[in-house]
Amino acid sequence: MPVTDYDTRIEADAADLYRREDRTEFFGNVQIEQGNDRLEADHATYLKGANTLDADGNVYLEQPGLRVTGSTMHYNLESKQGTATQTEFRLTDPVARGTASTAELLNADQSRYDDVRYTTCPPGNNGWQVEAKELEIDQSTGVGVAHNAKLRFKGVPFIYLPYVSFPIDDRRKSGFLPPTIGSSTNSGADIAIPYYFNIAPNMDATFTPRIMSKRGILLGGEFRYLTENNQGEIRAELLPSDSEQGPGESDTRGAANMLLNGTPAPRWSYDINLNYVSDNDYIDDLGNSLAATSAKHQERRGDIRYYGSGWSFLGRAQQYQTIDNTIAVSDRPYSRLPQLLLNLERPDQAMGLTYHLRTEYVHFGHSLDSKVKGERFDLQPGISLPMRRPWGFLTPKLSLRHTRYSLENQTAGLSDSPDRTLPTFSLDSGLYFDRAGNWFGNAITHTLEPRLFYLYIPEEDQSDLPDFDTADLDFSFANLFRENRFSGTDKVGDANQLTTALTTRGLSTTTGEELFRASIGQIFYFRDRDVQLLSSGAVTNEDSSSIVAEVSAKLTRNWRAQAGVQWNPHADVDATEKNAFGIHYLDDKQRILNLTYRFTDGTIEQTDLSARWPITHQLHAVGRWNYSLLHKKSMETFAGIEYESCCWVSRFVVRDYRSDANAEGNLALFLQLELKGLTSLGDKIDQFLERGILGYRTDN
């Protein structure tokens with residue numbers, strides 16, 4: 001029979017009303033609804049004056065975010081408070097469940113449980129459980145607090161904590177984070193125990209003591225902030241006494257890093273990147289063993305930018321700390337204190353012209369007092385006329401570059417204020433042909449795109465100019481169409497040349513996706529190239545450049561491949577200067593196979609094999625082997641296994657790596673146990689695998 005009392009509705013098979021006692025007994029299929037709350041039981045007693053229910057027999061209570069079953073329950077319909085015995089409970093957002101001898105509902109958001117077992121595993125699977133004398137859950141703050149708790153994995157207890165506070169959802173909270181445990185030949189046993197400070201919704205900090213059996217205790221810290229227009233990270237580490245340091249070396253070591261960026265005002269932005277290490281071996285010795293350790297310079301840079309309408313401005317201060325002892329002091333990079341750069345690009349002007357302007361001022365400094373240093377001013381205005389049609393394009397461009405220096409420590413006999421003025425003319429043109437085609441059963445648009453690029457720059461002797469930031473550009477297909485064969489500003493290559501290139505593509509008719517692309521190109525020279533990076537460099541007199549070709553293709557839904565070659569037609573032997581090949585497999589089940597080969601004559605010859613492949617439905621093998629054929633050494637090798645169930649993931653990796661070909665190998669072991677919905681114990685192997693295996697990803 002239905003009984004309605006304001007917003008409370010009670011239904012049952014039968015009921016007895018006791019007016020003098022202001023009490024009602026309900027029997028059989030009792031259902032009580034009040035707002036979003038629902039209670040079911042075999043029998044219930046309702047006291048109208050107290051607005052309470054005493055239910056027994058298959059009791060079930062459902063509230064937003066929480067479901068509780070039990071043998072008995074006392075519940076206050078007004079305050080939402082109640083107590084249940086012999087209970088099972090379930091959180092619905094996030095999903096978690098457990099059992100308890102007693103469950104106490106304190107209000108709509110908070111509950112407390114005695115003799116509890118808690119897990120995020122689905123019913124029928126208790127891969128991991130928290131057993132506690134008492135557990136408090138606050139859904140409003142997303143925090144759980146357990147007293148006298150044991151963490152069981154596969155039924156085996158392996159951690160006991162008299163008190164532990166943990167998140168039950170993705171919200172942040174202060175407290176200890178899972179420890180990181182590893183081992184390497186550099187540092188021995190390595191344990192880090194971070195403590196997290198949730199300072200504010202947009203600000204936090206982490207303090208991390210790190211204990212290394214061979215070196216001692218390292219203290220690390222990190223501070224982060226995020227506002228509407230600004231964000232930053234500041235990190236620092238200090239090892240007061242490194243027991244592995246040799247005689248004459250300071251045993252106090254440390255490092256610091258600051259990354260700040262933001263947009264303080266409309267059109268304005270800034271970017272600051274400051275780095276410091278106490279000594280040249282710090283990163284190799286004390287860097288995270290799962291991170292790259294091959295950095296040669298630590299950058300210290302501050303940028304401020306303004307973006308106008310068709311123009312931009314950059315102000316920069318930049319220095320480097322060189323941490324590779326093999327680099328001579330004279331060969332270390334210059335500082336820019338400051339660099340001021342203005343770029344202008346104004347298309348669609350009179351008669352369809354585009355105006356260009358690049359102007360730069362830099363003051364270059366150097367740690368070696370005798371090194372040439374000073375100021376450089378560079379001005380390059382230009383004009384072009386882009387003409388585009390659906391079937392092709394033609395773009396003539398003319399510019400004039402003037403560069404002037406004011407130098408200290410200039411080579412004897414050379415001017416302290418040399419300058420250079422050179423015009424540049426280029427003509428870029430291309431055609432576009434297409435037809436319908438077929439690619440492995442897919443309808444495609446097949447294109448043919450020939451391109452010609454003519455470049456003329458007169459020759460001028462630039463041997464009296466310094467070399468602050470200039471280098472030979474890497475020869476590649478994209479660089480066939482550059483106006484200067486050098487990077488930087490100190491050298492402008494003389495040119496009277498024509499680039500010929502051909503590209504063909506296959507574009508899916510239905511999606512527009514590029515299914516394959518092949519390109520080939522070569523430069524034909526009409527005169528020798530007299531300007532070289534070094535004043536003593538030999539004149540280059542071949543009538544054509546090396547031939548560059550690139551191919552990439554989506555072979556099937558899961559297979560991709562790419563290849564490239566640079567071939568010198570003038571070489572009698574070793575005509576292949578560069579080549580590379582790669583084939584990649586990736587499917588929806590995260591089965592991954594990558595195989596690449598890279599060769600640069602006299603510099604690099606490497607093979608790189610990486611994979612993630614199933615052994616069983618839940619067990620995967622992961623690994624990488626990066627081998628230098630040039631040095632006949634493995635640069636990096638790691639292998640491991642990854643097991644994933646519905647509520648936990650375990651990863652184990654053995655890694656042997658060296659930062660360069662001359663370095664000693666470093667063997668390290670890593671173990672990670674991730675309990676979904678609770679915590680992750682051990683090193684962040686998942687992030688390391690994302691960097692080391694192309695295509696690897698986690699859904700966390």
# chains A, B, ... in the order shown; residues from 1 in each chain; ligands from 1
>>> residues_around(residues="Ile520 (chain A)", least_positions_apart="4", cutoff="8 Å", atoms="only C-alpha atoms", output="JSON, numbers by chain")
{"A": [477, 501, 502, 503, 547, 548, 549, 550]}
>>> residues_around(residues="Met73 (chain A)", least_positions_apart="2", cutoff="8 Å", atoms="only C-alpha atoms", output="tab-separated table (two decimals) with N, CA, C and O atoms, in the first residue's frame")
chain	number	residue	atom	x	y	z
A	53	LEU	N	13.77	5.52	10.19
A	53	LEU	CA	13.40	4.19	9.73
A	53	LEU	C	14.35	3.18	10.34
A	53	LEU	O	15.55	3.41	10.43
A	54	ASP	N	13.80	2.04	10.77
A	54	ASP	CA	14.59	0.89	11.16
A	54	ASP	C	14.21	-0.24	10.22
A	54	ASP	O	13.07	-0.72	10.25
A	55	ALA	N	15.17	-0.63	9.35
A	55	ALA	CA	14.87	-1.62	8.32
A	55	ALA	C	15.71	-2.86	8.55
A	55	ALA	O	16.83	-2.79	9.08
A	56	ASP	N	15.19	-4.02	8.14
A	56	ASP	CA	15.95	-5.26	8.23
A	56	ASP	C	15.51	-6.18	7.11
A	56	ASP	O	14.41	-6.05	6.56
A	59	VAL	N	18.39	-5.27	3.14
A	59	VAL	CA	18.33	-3.80	3.10
A	59	VAL	C	19.22	-3.28	1.97
A	59	VAL	O	20.36	-3.72	1.79
A	70	GLY	N	22.85	-4.26	3.41
A	70	GLY	CA	23.16	-4.76	4.75
A	70	GLY	C	22.03	-5.60	5.29
A	70	GLY	O	20.98	-5.78	4.65
A	71	SER	N	22.26	-6.14	6.50
A	71	SER	CA	21.20	-6.95	7.13
A	71	SER	C	20.23	-6.06	7.89
A	71	SER	O	19.03	-6.35	7.93
A	75	TYR	N	18.03	4.67	9.87
A	75	TYR	CA	18.23	5.76	8.93
A	75	TYR	C	17.31	6.93	9.27
A	75	TYR	O	16.11	6.74	9.51
A	82	GLY	N	22.70	7.50	9.07
A	82	GLY	CA	22.22	6.15	9.34
A	82	GLY	C	23.36	5.21	9.65
A	82	GLY	O	24.54	5.53	9.45
A	83	THR	N	22.99	4.03	10.12
A	83	THR	CA	23.96	3.00	10.45
A	83	THR	C	23.44	1.67	9.93
A	83	THR	O	22.27	1.33	10.13
A	84	ALA	N	24.34	0.91	9.25
A	84	ALA	CA	23.97	-0.39	8.71
A	84	ALA	C	24.97	-1.43	9.20
A	84	ALA	O	26.13	-1.12	9.47
A	85	THR	N	24.53	-2.67	9.30
A	85	THR	CA	25.41	-3.75	9.75
A	85	THR	C	25.55	-4.79	8.65
A	85	THR	O	24.67	-4.95	7.79
>>> select_by_dssp(residues="region 294-542 of chain A", states="strand (DSSP E or B)", output="ChimeraX atom specification")
/A:297-307,311-322,335-346,354-365,373-384,387-389,392-408,419-431,433-439,442-457,471-472,486-487,495-508,514-525,529,540
>>> closest_residue(among="A:Ser269, A:Ser546, A:Gly28, A:Leu593", to="His570 (chain A)", atoms="only C-alpha atoms")
A:Ser546
>>> closest_residue(among="A:Leu286, A:Val164, A:Leu91, A:Leu431", to="Met212 (chain A)", atoms="only C-alpha atoms")
A:Leu286
>>> residues_around(residues="region 348-351 of chain A", least_positions_apart="3", cutoff="12 Å", atoms="only C-alpha atoms", output="number ranges by chain")
A: 310, 345, 354-356, 383-387
>>> write_last_selection(atoms="C-alpha atoms", output="PDB file, in the first residue's frame")
ATOM      1  CA  GLY A 310      51.549  41.122 -39.797  1.00  0.00           C
ATOM      2  CA  GLU A 345      55.215  39.908 -43.433  1.00  0.00           C
ATOM      3  CA  THR A 354      54.029  40.905 -50.326  1.00  0.00           C
ATOM      4  CA  TYR A 355      56.427  43.002 -48.246  1.00  0.00           C
ATOM      5  CA  HIS A 356      59.084  41.238 -46.135  1.00  0.00           C
ATOM      6  CA  ILE A 383      59.433  42.072 -51.839  1.00  0.00           C
ATOM      7  CA  SER A 384      57.668  39.184 -53.594  1.00  0.00           C
ATOM      8  CA  LEU A 385      54.735  38.663 -55.944  1.00  0.00           C
ATOM      9  CA  PRO A 386      52.926  35.372 -55.245  1.00  0.00           C
ATOM     10  CA  MET A 387      50.805  34.225 -58.186  1.00  0.00           C
TER      11      MET A 387
END
>>> residues_around(residues="Gln522 (chain A)", least_positions_apart="6", cutoff="12 Å", atoms="only C-alpha atoms", output="PyMOL selection string")
chain A and resi 451-454+475-481+497-502+543-549+566-569
>>> closest_residue(among="A:Asn186, A:Thr504, A:Asn198, A:Asn257", to="Asp242 (chain A)", atoms="only C-alpha atoms")
A:Asn186
>>> atom_distance(atom1="CA of Trp648 (chain A)", atom2="CA of Arg691 (chain A)")
21.9 Å
>>> atom_distance(atom1="CA of Met258 (chain A)", atom2="CA of Thr698 (chain A)")
27.7 Å
>>> closest_residue(among="A:Thr470, A:Ser278, A:Thr119, A:Thr489", to="Thr403 (chain A)", atoms="only C-alpha atoms")
A:Thr489
>>> residues_around(residues="Glu78 (chain A)", least_positions_apart="4", cutoff="10 Å", atoms="only C-alpha atoms", output="PyMOL selection string")
chain A and resi 34+50-52
>>> write_last_selection(atoms="N, CA and C atoms", output="compact mmCIF listing (two decimals), in the first residue's frame")
# COMPACT_ATOMS: atom_id res chain seq x y z
N GLN A 34 12.76 9.20 -1.36
CA GLN A 34 12.77 10.57 -0.88
C GLN A 34 13.77 11.35 -1.71
N ALA A 50 10.24 11.17 14.98
CA ALA A 50 11.69 11.27 14.80
C ALA A 50 12.09 11.27 13.33
N ASN A 51 11.13 10.92 12.45
CA ASN A 51 11.38 10.82 11.00
C ASN A 51 12.52 9.84 10.72
N THR A 52 12.47 8.67 11.39
CA THR A 52 13.51 7.66 11.23
C THR A 52 12.91 6.35 10.76
>>> select_by_dssp(residues="region 150-296 of chain A", states="helix (DSSP H, G or I)", output="number ranges by chain")
A: 282-286
>>> write_last_selection(atoms="N, CA, C and O atoms", output="PDB file, in the first residue's frame")
ATOM      1  N   TYR A 282      77.131  15.705 -13.727  1.00  0.00           N
ATOM      2  CA  TYR A 282      75.960  15.591 -12.854  1.00  0.00           C
ATOM      3  C   TYR A 282      74.816  14.816 -13.513  1.00  0.00           C
ATOM      4  O   TYR A 282      74.223  13.916 -12.903  1.00  0.00           O
ATOM      5  N   ILE A 283      74.500  15.144 -14.756  1.00  0.00           N
ATOM      6  CA  ILE A 283      73.345  14.507 -15.407  1.00  0.00           C
ATOM      7  C   ILE A 283      73.608  13.022 -15.621  1.00  0.00           C
ATOM      8  O   ILE A 283      72.741  12.174 -15.390  1.00  0.00           O
ATOM      9  N   ASP A 284      74.830  12.673 -16.058  1.00  0.00           N
ATOM     10  CA  ASP A 284      75.146  11.255 -16.263  1.00  0.00           C
ATOM     11  C   ASP A 284      75.095  10.486 -14.947  1.00  0.00           C
ATOM     12  O   ASP A 284      74.616   9.343 -14.886  1.00  0.00           O
ATOM     13  N   ASP A 285      75.592  11.104 -13.850  1.00  0.00           N
ATOM     14  CA  ASP A 285      75.669  10.395 -12.577  1.00  0.00           C
ATOM     15  C   ASP A 285      74.345  10.369 -11.837  1.00  0.00           C
ATOM     16  O   ASP A 285      73.977   9.358 -11.231  1.00  0.00           O
ATOM     17  N   LEU A 286      73.613  11.500 -11.875  1.00  0.00           N
ATOM     18  CA  LEU A 286      72.471  11.656 -10.977  1.00  0.00           C
ATOM     19  C   LEU A 286      71.165  11.962 -11.682  1.00  0.00           C
ATOM     20  O   LEU A 286      70.138  12.124 -11.025  1.00  0.00           O
TER      21      LEU A 286
END
>>> atom_distance(atom1="CA of Gln618 (chain A)", atom2="CA of Ile685 (chain A)")
17.3 Å
>>> closest_residue(among="A:Ile199, A:Ile444, A:Ala563, A:Ile304", to="Asn261 (chain A)", atoms="only C-alpha atoms")
A:Ile304
>>> closest_residue(among="A:Val653, A:Asp416, A:Val329, A:Pro396", to="Leu353 (chain A)", atoms="only C-alpha atoms")
A:Pro396
>>> residues_around(residues="Arg332 (chain A)", least_positions_apart="5", cutoff="12 Å", atoms="only C-alpha atoms", output="mmCIF file with N, CA, C and O atoms, in the first residue's frame")
data_model
loop_
_atom_site.group_PDB
_atom_site.id
_atom_site.type_symbol
_atom_site.label_atom_id
_atom_site.label_comp_id
_atom_site.auth_asym_id
_atom_site.auth_seq_id
_atom_site.Cartn_x
_atom_site.Cartn_y
_atom_site.Cartn_z
ATOM 1 N N LYS A 296 74.585 18.131 -23.952
ATOM 2 C CA LYS A 296 75.932 18.696 -23.964
ATOM 3 C C LYS A 296 75.960 20.115 -23.407
ATOM 4 O O LYS A 296 77.004 20.588 -22.961
ATOM 5 N N HIS A 297 74.830 20.816 -23.461
ATOM 6 C CA HIS A 297 74.763 22.196 -22.986
ATOM 7 C C HIS A 297 73.492 22.377 -22.158
ATOM 8 O O HIS A 297 72.444 21.808 -22.482
ATOM 9 N N GLN A 298 73.592 23.176 -21.110
ATOM 10 C CA GLN A 298 72.430 23.580 -20.333
ATOM 11 C C GLN A 298 72.066 25.007 -20.733
ATOM 12 O O GLN A 298 72.849 25.937 -20.547
ATOM 13 N N GLN A 319 72.298 32.258 -22.689
ATOM 14 C CA GLN A 319 73.623 31.743 -22.379
ATOM 15 C C GLN A 319 73.564 30.225 -22.318
ATOM 16 O O GLN A 319 72.480 29.639 -22.248
ATOM 17 N N TYR A 320 74.733 29.578 -22.311
ATOM 18 C CA TYR A 320 74.810 28.125 -22.190
ATOM 19 C C TYR A 320 75.863 27.743 -21.155
ATOM 20 O O TYR A 320 76.905 28.386 -21.047
ATOM 21 N N GLN A 321 75.556 26.682 -20.406
ATOM 22 C CA GLN A 321 76.561 26.023 -19.577
ATOM 23 C C GLN A 321 76.926 24.719 -20.277
ATOM 24 O O GLN A 321 76.095 23.821 -20.412
ATOM 25 N N THR A 322 78.157 24.620 -20.748
ATOM 26 C CA THR A 322 78.604 23.414 -21.443
ATOM 27 C C THR A 322 79.004 22.363 -20.418
ATOM 28 O O THR A 322 79.826 22.623 -19.538
ATOM 29 N N ILE A 323 78.418 21.186 -20.536
ATOM 30 C CA ILE A 323 78.694 20.124 -19.561
ATOM 31 C C ILE A 323 79.380 18.930 -20.207
ATOM 32 O O ILE A 323 79.517 17.883 -19.589
ATOM 33 N N ASP A 324 79.842 19.106 -21.456
ATOM 34 C CA ASP A 324 80.599 18.059 -22.142
ATOM 35 C C ASP A 324 82.059 18.482 -22.170
ATOM 36 O O ASP A 324 82.449 19.418 -22.882
ATOM 37 N N ASN A 325 82.881 17.813 -21.384
ATOM 38 C CA ASN A 325 84.295 18.182 -21.284
ATOM 39 C C ASN A 325 85.062 18.008 -22.579
ATOM 40 O O ASN A 325 86.157 18.561 -22.737
ATOM 41 N N THR A 326 84.540 17.208 -23.497
ATOM 42 C CA THR A 326 85.257 16.981 -24.751
ATOM 43 C C THR A 326 85.153 18.167 -25.696
ATOM 44 O O THR A 326 85.856 18.214 -26.708
ATOM 45 N N ILE A 327 84.260 19.126 -25.422
ATOM 46 C CA ILE A 327 84.114 20.310 -26.268
ATOM 47 C C ILE A 327 85.101 21.368 -25.793
ATOM 48 O O ILE A 327 85.039 21.819 -24.643
ATOM 49 N N GLY A 365 78.660 37.384 -26.631
ATOM 50 C CA GLY A 365 79.728 37.267 -25.651
ATOM 51 C C GLY A 365 80.245 35.843 -25.597
ATOM 52 O O GLY A 365 79.628 34.919 -26.126
ATOM 53 N N HIS A 366 81.414 35.654 -24.934
ATOM 54 C CA HIS A 366 82.007 34.324 -24.857
ATOM 55 C C HIS A 366 82.807 34.198 -23.578
ATOM 56 O O HIS A 366 83.384 35.177 -23.084
ATOM 57 N N SER A 367 82.850 32.969 -23.030
ATOM 58 C CA SER A 367 83.567 32.724 -21.784
ATOM 59 C C SER A 367 85.077 32.802 -21.957
ATOM 60 O O SER A 367 85.812 32.987 -20.987
ATOM 61 N N LEU A 368 85.582 32.655 -23.192
ATOM 62 C CA LEU A 368 87.008 32.763 -23.466
ATOM 63 C C LEU A 368 87.336 34.217 -23.803
ATOM 64 O O LEU A 368 86.871 34.751 -24.819
ATOM 65 N N LYS A 371 88.536 35.290 -27.294
ATOM 66 C CA LYS A 371 87.675 34.960 -28.436
ATOM 67 C C LYS A 371 87.083 36.249 -29.015
ATOM 68 O O LYS A 371 86.697 37.164 -28.280
ATOM 69 N N PHE A 468 79.650 33.664 -35.448
ATOM 70 C CA PHE A 468 79.010 33.635 -34.139
ATOM 71 C C PHE A 468 77.997 32.492 -34.011
ATOM 72 O O PHE A 468 77.973 31.781 -33.018
ATOM 73 N N ASP A 469 77.135 32.326 -35.001
ATOM 74 C CA ASP A 469 76.045 31.344 -34.873
ATOM 75 C C ASP A 469 75.735 30.654 -36.198
ATOM 76 O O ASP A 469 74.599 30.236 -36.429
#
>>> residues_around(residues="Asp490 (chain A)", least_positions_apart="6", cutoff="10 Å", atoms="only C-alpha atoms", output="list in words")
Arg376, Asp378, Thr403, Arg404, Tyr405, Arg420, Gln462, Leu465, Pro466, Asp467, Phe468, Asp469, Thr470, Ala471 and Leu533 of chain A
>>> decode(residues="region 204-215 of chain A", atoms="all heavy atoms", output="CSV table (one decimal), in the first residue's frame")
chain,number,residue,atom,x,y,z
A,204,ASP,N,51.1,24.1,-6.4
A,204,ASP,CA,51.5,22.9,-5.6
A,204,ASP,C,53.0,22.8,-5.5
A,204,ASP,O,53.7,23.5,-6.2
A,204,ASP,CB,50.9,21.6,-6.1
A,204,ASP,CG,51.3,21.3,-7.5
A,204,ASP,OD1,52.3,21.8,-8.0
A,204,ASP,OD2,50.6,20.4,-8.2
A,205,ALA,N,53.5,21.9,-4.7
A,205,ALA,CA,54.9,21.7,-4.5
A,205,ALA,C,55.1,20.3,-4.1
A,205,ALA,O,54.2,19.6,-3.5
A,205,ALA,CB,55.5,22.6,-3.4
A,206,THR,N,56.3,19.8,-4.4
A,206,THR,CA,56.7,18.4,-4.0
A,206,THR,C,58.1,18.4,-3.4
A,206,THR,O,59.0,19.0,-4.0
A,206,THR,CB,56.6,17.5,-5.2
A,206,THR,OG1,55.4,17.5,-5.8
A,206,THR,CG2,56.9,16.0,-4.8
A,207,PHE,N,58.3,17.8,-2.3
A,207,PHE,CA,59.6,17.6,-1.7
A,207,PHE,C,60.0,16.1,-1.8
A,207,PHE,O,59.2,15.3,-1.3
A,207,PHE,CB,59.6,18.1,-0.2
A,207,PHE,CG,60.9,17.8,0.5
A,207,PHE,CD1,62.0,18.4,0.1
A,207,PHE,CD2,60.9,16.9,1.5
A,207,PHE,CE1,63.2,18.2,0.8
A,207,PHE,CE2,62.0,16.6,2.2
A,207,PHE,CZ,63.2,17.2,1.9
A,208,THR,N,61.1,15.8,-2.3
A,208,THR,CA,61.5,14.4,-2.6
A,208,THR,C,62.9,14.1,-2.1
A,208,THR,O,63.9,14.4,-2.7
A,208,THR,CB,61.5,14.2,-4.1
A,208,THR,OG1,60.2,14.6,-4.6
A,208,THR,CG2,61.7,12.7,-4.4
A,209,PRO,N,63.0,13.5,-0.9
A,209,PRO,CA,64.3,12.9,-0.5
A,209,PRO,C,64.5,11.6,-1.3
A,209,PRO,O,63.7,10.8,-1.5
A,209,PRO,CB,64.0,12.5,1.0
A,209,PRO,CG,62.7,13.2,1.4
A,209,PRO,CD,61.9,13.3,0.1
A,210,ARG,N,65.8,11.5,-1.8
A,210,ARG,CA,66.2,10.4,-2.6
A,210,ARG,C,67.4,9.7,-2.0
A,210,ARG,O,68.4,10.4,-1.8
A,210,ARG,CB,66.5,10.9,-4.0
A,210,ARG,CG,66.9,9.8,-5.0
A,210,ARG,CD,67.2,10.4,-6.4
A,210,ARG,NE,67.9,9.5,-7.3
A,210,ARG,CZ,68.4,9.8,-8.4
A,210,ARG,NH1,68.4,11.1,-8.8
A,210,ARG,NH2,69.0,8.9,-9.2
A,211,ILE,N,67.3,8.5,-1.7
A,211,ILE,CA,68.4,7.7,-1.0
A,211,ILE,C,69.0,6.8,-2.0
A,211,ILE,O,68.4,5.9,-2.6
A,211,ILE,CB,67.8,6.9,0.2
A,211,ILE,CG1,67.1,7.9,1.1
A,211,ILE,CG2,69.0,6.2,0.9
A,211,ILE,CD1,66.3,7.1,2.2
A,212,MET,N,70.4,7.0,-2.2
A,212,MET,CA,71.2,6.2,-3.1
A,212,MET,C,72.3,5.5,-2.3
A,212,MET,O,73.1,6.1,-1.6
A,212,MET,CB,71.8,7.0,-4.2
A,212,MET,CG,70.7,7.6,-5.1
A,212,MET,SD,71.4,8.9,-6.2
A,212,MET,CE,71.6,10.3,-5.0
A,213,SER,N,72.3,4.2,-2.4
A,213,SER,CA,73.2,3.4,-1.5
A,213,SER,C,74.7,3.7,-1.8
A,213,SER,O,75.5,3.7,-0.9
A,213,SER,CB,73.0,1.9,-1.7
A,213,SER,OG,73.3,1.5,-3.0
A,214,LYS,N,75.0,4.1,-3.0
A,214,LYS,CA,76.4,4.4,-3.3
A,214,LYS,C,76.8,5.9,-3.1
A,214,LYS,O,78.0,6.2,-3.0
A,214,LYS,CB,76.7,4.0,-4.8
A,214,LYS,CG,76.8,2.6,-5.1
A,214,LYS,CD,77.3,2.3,-6.5
A,214,LYS,CE,77.5,0.8,-6.8
A,214,LYS,NZ,78.0,0.6,-8.2
A,215,ARG,N,75.8,6.8,-3.1
A,215,ARG,CA,76.1,8.2,-3.1
A,215,ARG,C,75.6,9.0,-1.9
A,215,ARG,O,76.2,10.0,-1.5
A,215,ARG,CB,75.6,8.9,-4.4
A,215,ARG,CG,76.1,8.3,-5.6
A,215,ARG,CD,75.7,9.0,-6.9
A,215,ARG,NE,76.3,8.4,-8.1
A,215,ARG,CZ,77.5,8.8,-8.6
A,215,ARG,NH1,78.2,9.7,-7.9
A,215,ARG,NH2,78.0,8.2,-9.7
